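Data from final23.cif: mmCIF, C-alpha atoms and all ligand atoms
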```
data_final
#
loop_
_atom_site.group_PDB
_atom_site.id
_atom_site.type_symbol
_atom_site.label_atom_id
_atom_site.label_comp_id
_atom_site.auth_asym_id
_atom_site.auth_seq_id
_atom_site.Cartn_x
_atom_site.Cartn_y
_atom_site.Cartn_z
ATOM 1 C CA MET W 1 23.392 46.306 -49.548
ATOM 2 C CA ILE W 2 23.103 44.043 -46.517
ATOM 3 C CA GLY W 3 19.543 42.716 -46.283
ATOM 4 C CA PRO W 4 17.559 42.173 -43.087
ATOM 5 C CA MET W 5 18.776 39.263 -41.008
ATOM 6 C CA ARG W 6 16.661 36.183 -41.638
ATOM 7 C CA PRO W 7 16.513 33.217 -39.266
ATOM 8 C CA VAL W 8 17.699 29.759 -40.281
ATOM 9 C CA ILE W 9 14.678 27.449 -40.030
ATOM 10 C CA ILE W 10 14.425 23.651 -40.098
ATOM 11 C CA ALA W 11 10.823 22.489 -40.218
ATOM 12 C CA GLY W 12 9.831 18.823 -40.124
ATOM 13 C CA ASN W 13 6.685 17.731 -41.927
ATOM 14 C CA TRP W 14 5.662 14.364 -40.516
ATOM 15 C CA LYS W 15 2.776 14.043 -43.001
ATOM 16 C CA MET W 16 0.359 11.156 -42.159
ATOM 17 C CA GLN W 17 2.784 9.442 -39.799
ATOM 18 C CA THR W 18 2.939 8.917 -36.007
ATOM 19 C CA THR W 19 0.070 8.472 -33.546
ATOM 20 C CA PRO W 20 -0.834 10.304 -30.316
ATOM 21 C CA ALA W 21 0.783 7.381 -28.490
ATOM 22 C CA ASP W 22 4.242 7.754 -30.045
ATOM 23 C CA ALA W 23 4.472 11.319 -31.420
ATOM 24 C CA GLY W 24 5.395 12.931 -28.091
ATOM 25 C CA GLU W 25 8.343 10.671 -27.514
ATOM 26 C CA LEU W 26 9.638 11.211 -31.038
ATOM 27 C CA ALA W 27 9.333 14.985 -30.630
ATOM 28 C CA ALA W 28 11.177 14.938 -27.301
ATOM 29 C CA THR W 29 13.947 12.771 -28.782
ATOM 30 C CA ILE W 30 14.334 15.130 -31.745
ATOM 31 C CA ALA W 31 14.407 18.127 -29.385
ATOM 32 C CA ARG W 32 17.204 16.521 -27.349
ATOM 33 C CA ARG W 33 19.204 15.574 -30.425
ATOM 34 C CA THR W 34 18.866 18.987 -32.129
ATOM 35 C CA ASN W 35 19.497 21.345 -29.237
ATOM 36 C CA GLU W 36 20.815 24.262 -31.299
ATOM 37 C CA PRO W 37 19.201 27.524 -30.176
ATOM 38 C CA GLU W 38 20.422 29.474 -33.222
ATOM 39 C CA VAL W 39 18.155 27.388 -35.445
ATOM 40 C CA VAL W 40 14.396 27.874 -35.458
ATOM 41 C CA ARG W 41 13.069 24.324 -35.253
ATOM 42 C CA VAL W 42 9.452 23.490 -36.067
ATOM 43 C CA LEU W 43 7.788 20.070 -35.921
ATOM 44 C CA CYS W 44 4.561 19.573 -37.870
ATOM 45 C CA PRO W 45 2.827 16.340 -36.791
ATOM 46 C CA PRO W 46 -0.690 15.261 -37.846
ATOM 47 C CA PHE W 47 -3.515 17.260 -36.219
ATOM 48 C CA VAL W 48 -4.362 14.485 -33.752
ATOM 49 C CA CYS W 49 -0.763 14.459 -32.482
ATOM 50 C CA LEU W 50 -0.424 18.213 -31.913
ATOM 51 C CA ALA W 51 -1.394 18.082 -28.234
ATOM 52 C CA ALA W 52 0.922 15.152 -27.522
ATOM 53 C CA VAL W 53 3.836 16.913 -29.227
ATOM 54 C CA ARG W 54 3.085 20.215 -27.485
ATOM 55 C CA ASP W 55 2.972 18.526 -24.080
ATOM 56 C CA ALA W 56 6.072 16.407 -24.650
ATOM 57 C CA LEU W 57 8.084 19.444 -25.748
ATOM 58 C CA ALA W 58 6.877 21.429 -22.727
ATOM 59 C CA ALA W 59 8.012 18.617 -20.437
ATOM 60 C CA GLU W 60 11.411 18.217 -22.127
ATOM 61 C CA PRO W 61 14.048 20.739 -20.941
ATOM 62 C CA THR W 62 15.495 21.028 -24.463
ATOM 63 C CA GLY W 63 12.019 21.195 -26.023
ATOM 64 C CA ARG W 64 11.150 24.743 -25.026
ATOM 65 C CA ASP W 65 12.593 26.269 -28.212
ATOM 66 C CA VAL W 66 10.974 23.775 -30.577
ATOM 67 C CA ALA W 67 7.809 25.138 -32.157
ATOM 68 C CA VAL W 68 4.776 23.066 -33.062
ATOM 69 C CA GLY W 69 3.130 23.445 -36.453
ATOM 70 C CA ALA W 70 0.083 22.058 -38.241
ATOM 71 C CA GLN W 71 0.233 20.743 -41.799
ATOM 72 C CA ASN W 72 -2.854 22.538 -43.110
ATOM 73 C CA VAL W 73 -5.772 24.770 -42.123
ATOM 74 C CA HIS W 74 -9.238 25.179 -43.602
ATOM 75 C CA HIS W 75 -10.060 28.313 -45.568
ATOM 76 C CA GLU W 76 -13.173 29.113 -43.480
ATOM 77 C CA LEU W 77 -13.384 29.940 -39.786
ATOM 78 C CA ALA W 78 -16.113 27.444 -38.848
ATOM 79 C CA GLY W 79 -19.170 25.798 -40.336
ATOM 80 C CA ALA W 80 -20.477 22.676 -42.012
ATOM 81 C CA TYR W 81 -17.139 21.250 -43.190
ATOM 82 C CA THR W 82 -17.020 17.673 -42.003
ATOM 83 C CA GLY W 83 -13.577 16.476 -41.043
ATOM 84 C CA GLU W 84 -11.889 19.853 -41.411
ATOM 85 C CA ILE W 85 -9.857 21.949 -38.956
ATOM 86 C CA SER W 86 -9.884 25.757 -38.966
ATOM 87 C CA ALA W 87 -7.042 28.076 -38.029
ATOM 88 C CA PRO W 88 -8.618 29.408 -34.798
ATOM 89 C CA MET W 89 -8.980 25.814 -33.551
ATOM 90 C CA LEU W 90 -5.206 25.507 -33.555
ATOM 91 C CA VAL W 91 -4.598 28.325 -31.097
ATOM 92 C CA GLY W 92 -2.923 26.811 -28.043
ATOM 93 C CA LEU W 93 -1.914 23.720 -30.004
ATOM 94 C CA ALA W 94 0.357 25.127 -32.694
ATOM 95 C CA THR W 95 2.120 28.403 -33.491
ATOM 96 C CA TRP W 96 2.978 27.545 -37.097
ATOM 97 C CA THR W 97 1.192 25.951 -40.026
ATOM 98 C CA ILE W 98 2.132 24.706 -43.466
ATOM 99 C CA VAL W 99 -0.264 25.723 -46.254
ATOM 100 C CA GLY W 100 -0.408 24.819 -49.929
ATOM 101 C CA HIS W 101 1.727 21.682 -49.743
ATOM 102 C CA SER W 102 1.922 20.045 -53.172
ATOM 103 C CA GLU W 103 0.410 16.844 -51.768
ATOM 104 C CA ARG W 104 -2.699 18.854 -50.848
ATOM 105 C CA ARG W 105 -2.729 20.611 -54.201
ATOM 106 C CA ARG W 106 -2.588 17.129 -55.778
ATOM 107 C CA ASP W 107 -4.882 15.153 -53.441
ATOM 108 C CA ALA W 108 -7.347 17.793 -52.252
ATOM 109 C CA GLY W 109 -7.389 19.919 -55.401
ATOM 110 C CA GLU W 110 -6.194 23.026 -53.578
ATOM 111 C CA THR W 111 -5.830 26.012 -55.887
ATOM 112 C CA ASP W 112 -3.782 29.171 -55.422
ATOM 113 C CA ALA W 113 -7.018 31.105 -54.756
ATOM 114 C CA LEU W 114 -8.033 28.706 -51.978
ATOM 115 C CA ILE W 115 -4.535 28.719 -50.497
ATOM 116 C CA ASN W 116 -4.660 32.527 -50.522
ATOM 117 C CA GLN W 117 -7.700 32.331 -48.196
ATOM 118 C CA LYS W 118 -5.890 29.824 -45.976
ATOM 119 C CA VAL W 119 -2.942 32.204 -45.641
ATOM 120 C CA TRP W 120 -5.354 34.940 -44.472
ATOM 121 C CA ARG W 121 -7.031 32.651 -41.962
ATOM 122 C CA ALA W 122 -3.761 31.397 -40.540
ATOM 123 C CA ARG W 123 -2.370 34.911 -40.342
ATOM 124 C CA ASP W 124 -5.511 36.178 -38.576
ATOM 125 C CA ALA W 125 -5.205 33.352 -36.029
ATOM 126 C CA GLY W 126 -1.658 34.516 -35.251
ATOM 127 C CA LEU W 127 0.021 31.500 -36.825
ATOM 128 C CA HIS W 128 3.306 31.549 -38.671
ATOM 129 C CA VAL W 129 2.694 30.426 -42.227
ATOM 130 C CA ILE W 130 4.973 28.201 -44.301
ATOM 131 C CA LEU W 131 3.602 28.600 -47.813
ATOM 132 C CA CYS W 132 4.703 25.845 -50.202
ATOM 133 C CA VAL W 133 5.263 26.430 -53.897
ATOM 134 C CA GLY W 134 7.024 24.380 -56.556
ATOM 135 C CA GLU W 135 6.911 23.263 -60.151
ATOM 136 C CA GLN W 136 6.241 19.854 -61.733
ATOM 137 C CA LEU W 137 9.030 18.047 -63.587
ATOM 138 C CA ALA W 138 7.495 18.730 -67.012
ATOM 139 C CA GLU W 139 7.321 22.430 -66.186
ATOM 140 C CA ARG W 140 11.011 22.504 -65.232
ATOM 141 C CA GLU W 141 11.976 20.586 -68.343
ATOM 142 C CA ALA W 142 10.016 23.069 -70.431
ATOM 143 C CA GLY W 143 12.006 25.920 -68.852
ATOM 144 C CA ARG W 144 8.914 27.231 -67.081
ATOM 145 C CA ALA W 145 9.858 26.596 -63.433
ATOM 146 C CA ALA W 146 10.332 30.235 -62.416
ATOM 147 C CA GLN W 147 7.205 31.328 -64.277
ATOM 148 C CA VAL W 148 5.094 28.646 -62.535
ATOM 149 C CA VAL W 149 6.455 29.407 -59.074
ATOM 150 C CA ARG W 150 6.090 33.154 -59.542
ATOM 151 C CA ALA W 151 2.434 32.638 -60.528
ATOM 152 C CA GLN W 152 1.871 30.479 -57.434
ATOM 153 C CA VAL W 153 3.396 33.100 -55.135
ATOM 154 C CA ARG W 154 1.285 35.803 -56.764
ATOM 155 C CA GLY W 155 -1.913 33.732 -56.556
ATOM 156 C CA CYS W 156 -1.362 32.618 -52.975
ATOM 157 C CA LEU W 157 -0.330 36.025 -51.624
ATOM 158 C CA ASP W 158 -2.083 38.592 -53.798
ATOM 159 C CA GLY W 159 -3.859 41.048 -51.488
ATOM 160 C CA VAL W 160 -2.439 39.408 -48.363
ATOM 161 C CA LYS W 161 -1.136 41.927 -45.871
ATOM 162 C CA ALA W 162 1.165 41.463 -42.908
ATOM 163 C CA PRO W 163 -0.696 41.120 -39.588
ATOM 164 C CA ALA W 164 -1.796 44.396 -38.004
ATOM 165 C CA GLY W 165 0.689 43.964 -35.166
ATOM 166 C CA GLY W 166 3.505 43.151 -37.603
ATOM 167 C CA ASP W 167 5.583 40.034 -37.165
ATOM 168 C CA ALA W 168 5.208 40.308 -33.399
ATOM 169 C CA ALA W 169 1.521 39.378 -33.813
ATOM 170 C CA SER W 170 2.577 35.769 -34.345
ATOM 171 C CA GLY W 171 3.463 33.534 -31.442
ATOM 172 C CA ASP W 172 7.113 32.869 -32.253
ATOM 173 C CA LEU W 173 9.211 36.027 -32.129
ATOM 174 C CA ARG W 174 12.218 34.352 -33.714
ATOM 175 C CA ALA W 175 10.732 34.358 -37.209
ATOM 176 C CA PRO W 176 8.553 36.607 -39.374
ATOM 177 C CA TRP W 177 4.928 35.603 -39.867
ATOM 178 C CA LEU W 178 5.538 34.348 -43.408
ATOM 179 C CA THR W 179 8.050 31.815 -44.716
ATOM 180 C CA ILE W 180 8.023 30.337 -48.206
ATOM 181 C CA ALA W 181 9.123 26.775 -48.931
ATOM 182 C CA TYR W 182 10.309 26.157 -52.471
ATOM 183 C CA GLU W 183 9.562 22.488 -53.032
ATOM 184 C CA PRO W 184 9.926 21.217 -56.600
ATOM 185 C CA VAL W 185 7.229 18.540 -56.837
ATOM 186 C CA TRP W 186 9.566 16.097 -58.594
ATOM 187 C CA ALA W 187 11.969 16.212 -55.629
ATOM 188 C CA ILE W 188 9.438 15.375 -52.899
ATOM 189 C CA GLY W 189 9.809 11.849 -51.541
ATOM 190 C CA THR W 190 11.767 10.774 -54.613
ATOM 191 C CA GLY W 191 15.327 10.889 -53.319
ATOM 192 C CA ARG W 192 16.063 13.355 -56.102
ATOM 193 C CA THR W 193 16.985 16.893 -55.029
ATOM 194 C CA ALA W 194 17.236 20.129 -56.937
ATOM 195 C CA ARG W 195 20.684 21.676 -57.234
ATOM 196 C CA GLY W 196 21.535 24.351 -54.698
ATOM 197 C CA VAL W 197 22.047 26.949 -57.417
ATOM 198 C CA ASP W 198 18.644 26.193 -58.932
ATOM 199 C CA ALA W 199 16.986 26.551 -55.530
ATOM 200 C CA ALA W 200 18.784 29.862 -55.010
ATOM 201 C CA GLU W 201 17.621 31.069 -58.394
ATOM 202 C CA MET W 202 14.052 30.189 -57.463
ATOM 203 C CA ALA W 203 14.417 31.961 -54.116
ATOM 204 C CA ALA W 204 15.457 35.072 -56.032
ATOM 205 C CA ALA W 205 12.429 34.699 -58.332
ATOM 206 C CA ILE W 206 10.190 34.316 -55.271
ATOM 207 C CA ARG W 207 11.592 37.467 -53.660
ATOM 208 C CA ARG W 208 11.238 39.364 -56.938
ATOM 209 C CA THR W 209 7.551 38.435 -56.912
ATOM 210 C CA LEU W 210 7.192 39.489 -53.270
ATOM 211 C CA GLY W 211 8.622 42.862 -54.277
ATOM 212 C CA GLU W 212 6.018 43.165 -57.044
ATOM 213 C CA LEU W 213 3.357 42.378 -54.439
ATOM 214 C CA ASP W 214 4.668 45.275 -52.328
ATOM 215 C CA PHE W 215 6.191 43.176 -49.592
ATOM 216 C CA GLU W 216 8.470 45.265 -47.444
ATOM 217 C CA ALA W 217 12.112 45.434 -48.596
ATOM 218 C CA ASP W 218 11.118 43.395 -51.666
ATOM 219 C CA GLY W 219 10.679 40.260 -49.593
ATOM 220 C CA GLU W 220 14.255 40.357 -48.319
ATOM 221 C CA GLY W 221 12.938 39.681 -44.810
ATOM 222 C CA VAL W 222 10.944 36.597 -45.862
ATOM 223 C CA PRO W 223 12.792 33.316 -45.232
ATOM 224 C CA VAL W 224 12.816 30.936 -48.194
ATOM 225 C CA LEU W 225 13.336 27.245 -47.423
ATOM 226 C CA TYR W 226 14.165 24.414 -49.787
ATOM 227 C CA GLY W 227 12.174 21.193 -49.559
ATOM 228 C CA GLY W 228 12.361 17.886 -51.398
ATOM 229 C CA SER W 229 14.323 14.800 -50.264
ATOM 230 C CA VAL W 230 16.477 16.815 -47.848
ATOM 231 C CA THR W 231 18.741 14.637 -45.688
ATOM 232 C CA SER W 232 21.818 15.254 -43.551
ATOM 233 C CA ALA W 233 23.826 14.323 -46.652
ATOM 234 C CA THR W 234 22.142 16.835 -48.985
ATOM 235 C CA ILE W 235 21.362 19.820 -46.750
ATOM 236 C CA ASP W 236 24.777 21.504 -47.126
ATOM 237 C CA GLU W 237 24.289 22.240 -50.807
ATOM 238 C CA PHE W 238 21.236 24.340 -49.948
ATOM 239 C CA LEU W 239 22.598 26.020 -46.839
ATOM 240 C CA ALA W 240 25.624 27.087 -48.881
ATOM 241 C CA GLU W 241 23.293 29.432 -50.776
ATOM 242 C CA PRO W 242 22.796 32.758 -48.949
ATOM 243 C CA ALA W 243 19.310 33.048 -50.507
ATOM 244 C CA ILE W 244 18.179 29.801 -48.827
ATOM 245 C CA ASP W 245 17.288 30.012 -45.143
ATOM 246 C CA GLY W 246 16.821 26.368 -44.214
ATOM 247 C CA ALA W 247 14.675 23.405 -45.169
ATOM 248 C CA LEU W 248 11.250 21.848 -44.979
ATOM 249 C CA VAL W 249 12.077 18.205 -44.350
ATOM 250 C CA GLY W 250 9.649 15.318 -44.918
ATOM 251 C CA GLY W 251 10.835 11.713 -44.666
ATOM 252 C CA ALA W 252 14.088 12.499 -42.848
ATOM 253 C CA SER W 253 12.257 14.529 -40.182
ATOM 254 C CA LEU W 254 10.965 11.302 -38.626
ATOM 255 C CA LYS W 255 14.512 10.071 -38.018
ATOM 256 C CA PRO W 256 16.259 11.633 -34.995
ATOM 257 C CA ASP W 257 19.735 10.833 -36.401
ATOM 258 C CA GLU W 258 18.912 12.625 -39.629
ATOM 259 C CA MET W 259 17.384 15.605 -37.832
ATOM 260 C CA ALA W 260 20.448 15.815 -35.590
ATOM 261 C CA GLY W 261 22.702 15.989 -38.665
ATOM 262 C CA ILE W 262 20.504 18.479 -40.509
ATOM 263 C CA VAL W 263 20.087 20.838 -37.547
ATOM 264 C CA ALA W 264 23.808 20.646 -36.647
ATOM 265 C CA ARG W 265 24.657 21.821 -40.154
ATOM 266 C CA ALA W 266 21.970 24.496 -40.009
ATOM 267 C CA ALA W 267 23.468 25.735 -36.725
ATOM 268 C CA LEU W 268 26.876 26.146 -38.378
ATOM 269 C CA THR W 269 25.201 28.162 -41.116
ATOM 270 C CA ALA W 270 23.242 30.260 -38.627
ATOM 271 C CA ARG W 271 26.388 31.054 -36.653
ATOM 272 C CA GLY W 272 28.242 31.846 -39.880
ATOM 273 C CA ARG W 273 25.465 34.281 -40.776
ATOM 274 C CA GLY W 274 25.674 35.903 -37.368
ATOM 275 C CA ALA W 275 22.574 34.475 -35.679
ATOM 276 C CA GLN W 276 22.228 34.931 -31.924
ATOM 277 C CA PRO W 277 20.814 32.089 -29.803
ATOM 278 C CA ALA W 278 17.156 32.557 -28.882
ATOM 279 C CA SER W 279 16.899 33.875 -25.340
HETATM 280 P P1 LIG W 301 10.530 14.819 -48.444
HETATM 281 O O1 LIG W 301 9.242 15.757 -48.263
HETATM 282 O O2 LIG W 301 11.634 15.455 -47.634
HETATM 283 O O3 LIG W 301 10.127 13.475 -47.925
HETATM 284 O O4 LIG W 301 10.860 14.815 -49.893
HETATM 285 C C1 LIG W 301 9.363 17.139 -48.232
HETATM 286 C C2 LIG W 301 8.000 17.761 -48.088
HETATM 287 O O5 LIG W 301 7.047 17.227 -48.649
HETATM 288 O O6 LIG W 301 7.833 18.786 -47.403
#
```

Transcribe the structure of this file into structure tokens.
Amino acid sequence: MIGPMRPVIIAGNWKMQTTPADAGELAATIARRTNEPEVVRVLCPPFVCLAAVRDALAAEPTGRDVAVGAQNVHHELAGAYTGEISAPMLVGLATWTIVGHSERRRDAGETDALINQKVWRARDAGLHVILCVGEQLAEREAGRAAQVVRAQVRGCLDGVKAPAGGDAASGDLRAPWLTIAYEPVWAIGTGRTARGVDAAEMAAAIRRTLGELDFEADGEGVPVLYGGSVTSATIDEFLAEPAIDGALVGGASLKPDEMAGIVARAALTARGRGAQPAS
């Protein structure tokens, strides 16, 4: 059976790097160097740089197709949460957001139950969600990687429904409202990547879980990205897997040369899979 057509997505997670003074220029440079309309490109700068990136992309002729994403949202709408940012605050600044990144699970103690609430909030604000899941090294070595990731997907998405207006409720019509990034924790920022076949196996486990959660077409329409030390030299191994729909890129996403190489390869994949340029 031929599954629903999924977009090829390259999302850059800039983490706690760049400032409002330099983020716009970096975003515009990346937009110019990655001008491949078949690839859904998303840049996720720090909160304080969102406006600068949005404005720079709007002013750059090749920036129109590049989406802006946040790196996190709070699980409540508003209230006494010093230093936090809620999903509705992002409207007009970003159309995507990452949630559940392993660095937040590690540093901010985020649990699957909390991330589940964040997914709801982001969805209700009309944001596209990139939900991150991934096992620790010890869990992989113990043969428990799929079990751990399946439990994360279940915990983060249990009870979560698609937006009332369907995928069209989100601001970027090129992608469904939900994307999952499989990011083995031991591969993030370490220069060590998973093997393409392992990532594909995990994508299958993720989609099996989505099916159990009653996602339409057993999650076949949900893009699954690989993340963890992706560079222009390592991306091909993942794009060669039909189950993998692109990458969530950290360190390399700050380097225009690297992004140019990664997105060029993603464009070849997208064309090979029959993607049409965004109109
Ligand atoms: P990395 O980060 O590419 O620097 O390993 C990936 C991520 O954390 O999303």

Proximity check chain W to ligand LIG 301 (chain W), 8 Å, nearest pairs one decimal Å, only C-alpha atoms and all ligand atoms, as JSON lines:
```
{"residue": "W:Gly12", "atom": "CA", "partner": "W:LIG301", "partner_atom": "O6", "distance": 7.5}
{"residue": "W:Asn13", "atom": "CA", "partner": "W:LIG301", "partner_atom": "O6", "distance": 5.7}
{"residue": "W:Lys15", "atom": "CA", "partner": "W:LIG301", "partner_atom": "O5", "distance": 7.8}
{"residue": "W:His101", "atom": "CA", "partner": "W:LIG301", "partner_atom": "O5", "distance": 7.0}
{"residue": "W:Ser102", "atom": "CA", "partner": "W:LIG301", "partner_atom": "O5", "distance": 7.4}
{"residue": "W:Glu103", "atom": "CA", "partner": "W:LIG301", "partner_atom": "O5", "distance": 7.3}
{"residue": "W:Glu183", "atom": "CA", "partner": "W:LIG301", "partner_atom": "O6", "distance": 7.0}
{"residue": "W:Ala187", "atom": "CA", "partner": "W:LIG301", "partner_atom": "O4", "distance": 6.0}
{"residue": "W:Ile188", "atom": "CA", "partner": "W:LIG301", "partner_atom": "O4", "distance": 3.4}
{"residue": "W:Gly189", "atom": "CA", "partner": "W:LIG301", "partner_atom": "O4", "distance": 3.6}
{"residue": "W:Thr190", "atom": "CA", "partner": "W:LIG301", "partner_atom": "O4", "distance": 6.3}
{"residue": "W:Gly191", "atom": "CA", "partner": "W:LIG301", "partner_atom": "O4", "distance": 6.9}
{"residue": "W:Gly227", "atom": "CA", "partner": "W:LIG301", "partner_atom": "C1", "distance": 5.1}
{"residue": "W:Gly228", "atom": "CA", "partner": "W:LIG301", "partner_atom": "O4", "distance": 3.7}
{"residue": "W:Ser229", "atom": "CA", "partner": "W:LIG301", "partner_atom": "O4", "distance": 3.5}
{"residue": "W:Val230", "atom": "CA", "partner": "W:LIG301", "partner_atom": "O2", "distance": 5.0}
{"residue": "W:Thr231", "atom": "CA", "partner": "W:LIG301", "partner_atom": "O2", "distance": 7.4}
{"residue": "W:Leu248", "atom": "CA", "partner": "W:LIG301", "partner_atom": "O6", "distance": 5.2}
{"residue": "W:Val249", "atom": "CA", "partner": "W:LIG301", "partner_atom": "O2", "distance": 4.3}
{"residue": "W:Gly250", "atom": "CA", "partner": "W:LIG301", "partner_atom": "O2", "distance": 3.4}
{"residue": "W:Gly251", "atom": "CA", "partner": "W:LIG301", "partner_atom": "O3", "distance": 3.8}
{"residue": "W:Ala252", "atom": "CA", "partner": "W:LIG301", "partner_atom": "O2", "distance": 6.1}
{"residue": "W:Ser253", "atom": "CA", "partner": "W:LIG301", "partner_atom": "O2", "distance": 7.5}
```

task: For the file shown, report as a list of chain:residue names the outcome of the PyMOL selection byres (((chain W and resi 30) around 9) and not hetatm) at residue level.
output: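 This file, filtered by the PyMOL selection byres (((chain W and resi 30) around 9) and not hetatm), leaves W:Glu25, W:Leu26, W:Ala27, W:Ala28, W:Thr29, W:Ala31, W:Arg32, W:Arg33, W:Thr34, W:Asn35, W:Gly63, W:Ser253, W:Leu254, W:Lys255, W:Pro256, W:Asp257, W:Met259, W:Ala260.
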
message: Set the distance at 6 Å and use all atoms listed in the file: which residues neighbour range 266-271 of chain W once local chain neighbours fewer than 3 positions away are removed? I'd like the list as a PyMOL selection string.
response: chain W and resi 8+38-39+263+274-275

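The closest residue to Glu110 in chain W, picked from W:Ser86, W:Asn72, W:Arg192, W:Ala233 and counting all atoms listed in the file, is W:Asn72.
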
message: Which residue is closest to Thr111 in chain W? Choose from W:Ile98, W:Met89, W:Ile130, W:Ala151 and count only C-alpha atoms.
response: W:Ala151

- line: Of W:Phe215, W:Phe47, W:Trp14, W:Phe238, the one sitting nearest Ala200 in chain W when using all atoms listed in the file is W:Phe238

- prompt: Could you name the residues that touch Ile115 in chain W at 8 Å or less, counting all atoms listed in the file, but leaving out those on the same chain fewer than 4 positions away, as a ChimeraX atom specification?
  reply: /W:75,99-100,110-111,119,156

Just need range 194-207 of chain W in a file, please: N, CA, C and O atoms, as a short mmCIF file (atom, residue, chain, number, x, y, z; two decimals), in the first residue's frame.
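selection04.cif, freshly written:
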```cif
data_model
loop_
_atom_site.label_atom_id
_atom_site.label_comp_id
_atom_site.auth_asym_id
_atom_site.auth_seq_id
_atom_site.Cartn_x
_atom_site.Cartn_y
_atom_site.Cartn_z
N ALA W 194 23.16 7.73 15.16
CA ALA W 194 22.58 6.39 15.07
C ALA W 194 22.83 5.88 13.65
O ALA W 194 23.23 6.64 12.77
N ARG W 195 22.57 4.61 13.40
CA ARG W 195 22.61 4.12 12.03
C ARG W 195 21.26 4.37 11.38
O ARG W 195 20.23 4.35 12.08
N GLY W 196 21.27 4.59 10.07
CA GLY W 196 20.01 4.85 9.38
C GLY W 196 18.99 3.76 9.61
O GLY W 196 17.81 4.03 9.86
N VAL W 197 19.43 2.51 9.59
CA VAL W 197 18.47 1.40 9.76
C VAL W 197 17.87 1.41 11.16
O VAL W 197 16.69 1.09 11.32
N ASP W 198 18.68 1.78 12.15
CA ASP W 198 18.14 1.85 13.52
C ASP W 198 17.09 2.95 13.62
O ASP W 198 16.05 2.78 14.26
N ALA W 199 17.39 4.11 12.99
CA ALA W 199 16.44 5.22 13.03
C ALA W 199 15.14 4.81 12.33
O ALA W 199 14.04 5.13 12.80
N ALA W 200 15.27 4.07 11.22
CA ALA W 200 14.07 3.64 10.50
C ALA W 200 13.25 2.67 11.34
O ALA W 200 12.01 2.72 11.35
N GLU W 201 13.94 1.82 12.05
CA GLU W 201 13.26 0.87 12.93
C GLU W 201 12.49 1.61 14.02
O GLU W 201 11.36 1.27 14.36
N MET W 202 13.11 2.66 14.54
CA MET W 202 12.45 3.45 15.58
C MET W 202 11.27 4.23 15.00
O MET W 202 10.24 4.39 15.66
N ALA W 203 11.41 4.69 13.77
CA ALA W 203 10.29 5.40 13.12
C ALA W 203 9.10 4.44 12.99
O ALA W 203 7.95 4.83 13.22
N ALA W 204 9.41 3.18 12.66
CA ALA W 204 8.32 2.20 12.53
C ALA W 204 7.68 1.97 13.90
O ALA W 204 6.44 1.87 14.01
N ALA W 205 8.50 1.90 14.95
CA ALA W 205 7.96 1.70 16.30
C ALA W 205 7.09 2.89 16.71
O ALA W 205 6.04 2.74 17.33
N ILE W 206 7.54 4.08 16.33
CA ILE W 206 6.77 5.30 16.64
C ILE W 206 5.41 5.25 15.93
O ILE W 206 4.36 5.50 16.53
N ARG W 207 5.43 4.88 14.66
CA ARG W 207 4.16 4.86 13.91
C ARG W 207 3.24 3.74 14.42
O ARG W 207 2.02 3.89 14.44
#
```
